[in-house]
$ cat my_file_32.json   # JSON, C-alpha atoms
[["chain", "number", "residue", "atom", "x", "y", "z"],
["A", 188, "MET", "CA", 0.00, 0.00, 0.00],
["A", 189, "LYS", "CA", 2.95, 2.33, 0.43],
["A", 190, "GLY", "CA", 3.06, 3.06, -3.32],
["A", 191, "VAL", "CA", -0.60, 4.05, -3.39],
["A", 192, "SER", "CA", -1.34, 7.76, -3.01],
["A", 193, "ALA", "CA", -2.92, 9.07, 0.18],
["A", 194, "ALA", "CA", -6.01, 10.23, -1.73],
["A", 195, "ILE", "CA", -6.67, 6.74, -3.09],
["A", 196, "ARG", "CA", -6.10, 5.19, 0.33],
["A", 197, "MET", "CA", -8.62, 7.62, 1.83],
["A", 198, "GLN", "CA", -11.16, 6.83, -0.91],
["A", 199, "LEU", "CA", -10.83, 3.15, -0.02],
["A", 200, "ALA", "CA", -11.09, 3.99, 3.67],
["A", 201, "ALA", "CA", -14.20, 6.11, 3.08],
["A", 202, "GLY", "CA", -15.90, 3.17, 1.39],
["A", 203, "LEU", "CA", -15.08, 0.90, 4.30],
["A", 204, "LEU", "CA", -16.17, 3.49, 6.84],
["A", 205, "ALA", "CA", -19.47, 4.06, 5.03],
["A", 206, "SER", "CA", -20.29, 0.37, 5.29],
["A", 207, "GLY", "CA", -20.26, 0.81, 9.06],
["A", 208, "ARG", "CA", -19.24, -2.81, 9.66],
["A", 209, "ASP", "CA", -15.59, -2.67, 10.63],
["A", 210, "PRO", "CA", -14.01, -0.81, 13.54],
["A", 211, "ILE", "CA", -11.86, 2.15, 12.56],
["A", 212, "ALA", "CA", -8.72, 0.27, 13.63],
["A", 213, "ARG", "CA", -9.52, -2.47, 11.10],
["A", 214, "VAL", "CA", -10.18, 0.11, 8.37],
["A", 215, "ALA", "CA", -6.82, 1.71, 9.17],
["A", 216, "GLU", "CA", -5.07, -1.65, 8.84],
["A", 217, "ALA", "CA", -6.91, -2.46, 5.60],
["A", 218, "VAL", "CA", -5.60, 0.69, 3.92],
["A", 219, "GLY", "CA", -2.05, 0.19, 5.13],
["A", 220, "TYR", "CA", -1.67, 2.08, 8.41],
["A", 221, "ASP", "CA", 0.14, 0.48, 11.34],
["A", 222, "SER", "CA", -1.71, 2.54, 13.92],
["A", 223, "GLU", "CA", -5.20, 3.93, 14.26],
["A", 224, "ALA", "CA", -3.75, 7.25, 15.45],
["A", 225, "ALA", "CA", -1.68, 7.68, 12.27],
["A", 226, "PHE", "CA", -4.74, 6.81, 10.17],
["A", 227, "ASN", "CA", -6.89, 9.32, 12.09],
["A", 228, "ARG", "CA", -4.36, 12.09, 11.46],
["A", 229, "ALA", "CA", -3.98, 11.24, 7.76],
["A", 230, "PHE", "CA", -7.74, 10.94, 7.22],
["A", 231, "ARG", "CA", -8.39, 14.28, 8.94],
["A", 232, "ARG", "CA", -5.62, 15.96, 6.94],
["A", 233, "THR", "CA", -6.89, 14.55, 3.61],
["A", 234, "VAL", "CA", -10.67, 14.60, 4.09],
["A", 235, "GLY", "CA", -11.05, 17.44, 6.58],
["A", 236, "THR", "CA", -12.85, 15.54, 9.33],
["A", 237, "PRO", "CA", -11.93, 12.67, 11.66],
["A", 238, "PRO", "CA", -12.96, 9.19, 10.46],
["A", 239, "ALA", "CA", -15.50, 8.65, 13.26],
["A", 240, "ALA", "CA", -17.31, 11.92, 12.46],
["A", 241, "TRP", "CA", -17.15, 11.17, 8.74],
["A", 242, "ARG", "CA", -18.65, 7.72, 9.36],
["A", 243, "GLN", "CA", -21.54, 9.18, 11.38],
["A", 244, "ALA", "CA", -22.39, 11.55, 8.55],
["A", 245, "HIS", "CA", -22.01, 9.01, 5.72],
["A", 246, "VAL", "CA", -22.87, 5.55, 7.00],
["A", 247, "VAL", "CA", -24.94, 3.56, 4.56],
["A", 248, "SER", "CA", -27.80, 1.82, 6.34],
["A", 249, "GLU", "CA", -28.75, -1.59, 5.05]]

$ encode --input "my_file_32.json" --output "structure tokens"
Amino acid sequence: MKGVSAAIRMQLAAGLLASGRDPIARVAEAVGYDSEAAFNRAFRRTVGTPPAAWRQAHVVSE
């Protein structure tokens, strides 16, 4: 995942977050982050909001 741009990683993360199924730590791992804290910082920097807040606003109900 290290060769994949941050924007693409965050797009993948957004899709996983919107599903609402996996914990944020698992989403972070799925897109190549070793720690949830590093993922939170990168997501906030790229998207403009923390992943938990983004999930609340965008979760897709089944």

$ atom_distance --input "my_file_32.json" --atom1 "atom CA of Glu216 of chain A" --atom2 "atom CA of Thr233 of chain A"
17.1 Å

$ residues_around --input "my_file_32.json" --residues "Thr236 of chain A" --least-positions-apart "6" --cutoff "12 Å" --atoms "all atoms listed in the file" --output "VMD selection string"
chain A and resid 197 201 226 to 230 242 to 245

$ residues_around --input "my_file_32.json" --residues "Pro210 of chain A" --least-positions-apart "6" --cutoff "12 Å" --atoms "all atoms listed in the file" --output "list in words"
Ala200, Leu203, Leu204, Glu216, Ala217, Glu223, Pro238, Ala239 and Arg242 of chain A

$ atom_distance --input "my_file_32.json" --atom1 "atom CA of Ile195 of chain A" --atom2 "atom CA of Val218 of chain A"
9.3 Å

$ atom_distance --input "my_file_32.json" --atom1 "atom CA of Tyr220 of chain A" --atom2 "atom CA of Arg196 of chain A"
9.7 Å

$ closest_residue --input "my_file_32.json" --among "A:Ala193, A:Ala224, A:Leu199, A:Ala205" --to "Val246 of chain A" --atoms "only C-alpha atoms"
A:Ala205

$ build_atoms --input "my_file_32.json" --residues "segment 215-226 of chain A" --atoms "all heavy atoms" --output "PDB file, in the frame of the given file"
ATOM      1  N   ALA A 215      -8.178   1.174   9.241  1.00  0.00           N
ATOM      2  CA  ALA A 215      -6.820   1.710   9.170  1.00  0.00           C
ATOM      3  C   ALA A 215      -5.845   0.643   8.685  1.00  0.00           C
ATOM      4  O   ALA A 215      -5.026   0.887   7.795  1.00  0.00           O
ATOM      5  CB  ALA A 215      -6.384   2.229  10.540  1.00  0.00           C
ATOM      6  N   GLU A 216      -5.946  -0.541   9.245  1.00  0.00           N
ATOM      7  CA  GLU A 216      -5.070  -1.650   8.840  1.00  0.00           C
ATOM      8  C   GLU A 216      -5.313  -2.040   7.386  1.00  0.00           C
ATOM      9  O   GLU A 216      -4.368  -2.286   6.640  1.00  0.00           O
ATOM     10  CB  GLU A 216      -5.325  -2.846   9.756  1.00  0.00           C
ATOM     11  CG  GLU A 216      -4.418  -4.017   9.504  1.00  0.00           C
ATOM     12  CD  GLU A 216      -4.721  -5.165  10.445  1.00  0.00           C
ATOM     13  OE1 GLU A 216      -4.913  -4.925  11.653  1.00  0.00           O
ATOM     14  OE2 GLU A 216      -4.770  -6.299   9.959  1.00  0.00           O
ATOM     15  N   ALA A 217      -6.568  -2.049   6.971  1.00  0.00           N
ATOM     16  CA  ALA A 217      -6.910  -2.460   5.600  1.00  0.00           C
ATOM     17  C   ALA A 217      -6.326  -1.522   4.546  1.00  0.00           C
ATOM     18  O   ALA A 217      -6.053  -1.951   3.428  1.00  0.00           O
ATOM     19  CB  ALA A 217      -8.435  -2.534   5.444  1.00  0.00           C
ATOM     20  N   VAL A 218      -6.157  -0.259   4.899  1.00  0.00           N
ATOM     21  CA  VAL A 218      -5.600   0.690   3.920  1.00  0.00           C
ATOM     22  C   VAL A 218      -4.126   0.981   4.171  1.00  0.00           C
ATOM     23  O   VAL A 218      -3.571   1.920   3.616  1.00  0.00           O
ATOM     24  CB  VAL A 218      -6.438   1.998   3.842  1.00  0.00           C
ATOM     25  CG1 VAL A 218      -7.835   1.705   3.322  1.00  0.00           C
ATOM     26  CG2 VAL A 218      -6.474   2.727   5.165  1.00  0.00           C
ATOM     27  N   GLY A 219      -3.499   0.158   5.018  1.00  0.00           N
ATOM     28  CA  GLY A 219      -2.050   0.190   5.130  1.00  0.00           C
ATOM     29  C   GLY A 219      -1.443   0.984   6.260  1.00  0.00           C
ATOM     30  O   GLY A 219      -0.243   1.256   6.237  1.00  0.00           O
ATOM     31  N   TYR A 220      -2.222   1.345   7.266  1.00  0.00           N
ATOM     32  CA  TYR A 220      -1.670   2.080   8.410  1.00  0.00           C
ATOM     33  C   TYR A 220      -1.377   1.114   9.545  1.00  0.00           C
ATOM     34  O   TYR A 220      -2.158   0.202   9.815  1.00  0.00           O
ATOM     35  CB  TYR A 220      -2.632   3.182   8.875  1.00  0.00           C
ATOM     36  CG  TYR A 220      -2.611   4.350   7.938  1.00  0.00           C
ATOM     37  CD1 TYR A 220      -3.452   4.393   6.829  1.00  0.00           C
ATOM     38  CD2 TYR A 220      -1.728   5.400   8.128  1.00  0.00           C
ATOM     39  CE1 TYR A 220      -3.410   5.450   5.941  1.00  0.00           C
ATOM     40  CE2 TYR A 220      -1.684   6.469   7.241  1.00  0.00           C
ATOM     41  CZ  TYR A 220      -2.528   6.480   6.159  1.00  0.00           C
ATOM     42  OH  TYR A 220      -2.479   7.528   5.283  1.00  0.00           O
ATOM     43  N   ASP A 221      -0.246   1.330  10.211  1.00  0.00           N
ATOM     44  CA  ASP A 221       0.140   0.480  11.340  1.00  0.00           C
ATOM     45  C   ASP A 221      -0.572   0.871  12.622  1.00  0.00           C
ATOM     46  O   ASP A 221      -0.694   0.058  13.528  1.00  0.00           O
ATOM     47  CB  ASP A 221       1.652   0.541  11.560  1.00  0.00           C
ATOM     48  CG  ASP A 221       2.416  -0.099  10.416  1.00  0.00           C
ATOM     49  OD1 ASP A 221       1.889  -1.047   9.793  1.00  0.00           O
ATOM     50  OD2 ASP A 221       3.544   0.343  10.153  1.00  0.00           O
ATOM     51  N   SER A 222      -1.030   2.108  12.695  1.00  0.00           N
ATOM     52  CA  SER A 222      -1.710   2.540  13.920  1.00  0.00           C
ATOM     53  C   SER A 222      -2.977   3.323  13.564  1.00  0.00           C
ATOM     54  O   SER A 222      -3.030   4.031  12.554  1.00  0.00           O
ATOM     55  CB  SER A 222      -0.793   3.400  14.786  1.00  0.00           C
ATOM     56  OG  SER A 222      -0.676   4.699  14.272  1.00  0.00           O
ATOM     57  N   GLU A 223      -3.946   3.191  14.439  1.00  0.00           N
ATOM     58  CA  GLU A 223      -5.200   3.930  14.260  1.00  0.00           C
ATOM     59  C   GLU A 223      -4.957   5.429  14.384  1.00  0.00           C
ATOM     60  O   GLU A 223      -5.566   6.228  13.662  1.00  0.00           O
ATOM     61  CB  GLU A 223      -6.214   3.468  15.307  1.00  0.00           C
ATOM     62  CG  GLU A 223      -7.580   4.082  15.146  1.00  0.00           C
ATOM     63  CD  GLU A 223      -8.599   3.540  16.131  1.00  0.00           C
ATOM     64  OE1 GLU A 223      -8.324   2.554  16.827  1.00  0.00           O
ATOM     65  OE2 GLU A 223      -9.696   4.122  16.196  1.00  0.00           O
ATOM     66  N   ALA A 224      -4.045   5.821  15.264  1.00  0.00           N
ATOM     67  CA  ALA A 224      -3.750   7.250  15.450  1.00  0.00           C
ATOM     68  C   ALA A 224      -3.186   7.867  14.174  1.00  0.00           C
ATOM     69  O   ALA A 224      -3.599   8.966  13.773  1.00  0.00           O
ATOM     70  CB  ALA A 224      -2.779   7.437  16.610  1.00  0.00           C
ATOM     71  N   ALA A 225      -2.264   7.163  13.530  1.00  0.00           N
ATOM     72  CA  ALA A 225      -1.680   7.680  12.270  1.00  0.00           C
ATOM     73  C   ALA A 225      -2.765   7.769  11.199  1.00  0.00           C
ATOM     74  O   ALA A 225      -2.810   8.744  10.438  1.00  0.00           O
ATOM     75  CB  ALA A 225      -0.547   6.779  11.808  1.00  0.00           C
ATOM     76  N   PHE A 226      -3.640   6.781  11.138  1.00  0.00           N
ATOM     77  CA  PHE A 226      -4.740   6.810  10.170  1.00  0.00           C
ATOM     78  C   PHE A 226      -5.670   7.987  10.459  1.00  0.00           C
ATOM     79  O   PHE A 226      -6.073   8.706   9.538  1.00  0.00           O
ATOM     80  CB  PHE A 226      -5.525   5.495  10.215  1.00  0.00           C
ATOM     81  CG  PHE A 226      -6.802   5.537   9.432  1.00  0.00           C
ATOM     82  CD1 PHE A 226      -6.784   5.601   8.050  1.00  0.00           C
ATOM     83  CD2 PHE A 226      -8.028   5.533  10.072  1.00  0.00           C
ATOM     84  CE1 PHE A 226      -7.967   5.653   7.315  1.00  0.00           C
ATOM     85  CE2 PHE A 226      -9.210   5.574   9.351  1.00  0.00           C
ATOM     86  CZ  PHE A 226      -9.176   5.635   7.975  1.00  0.00           C
TER      87      PHE A 226
END
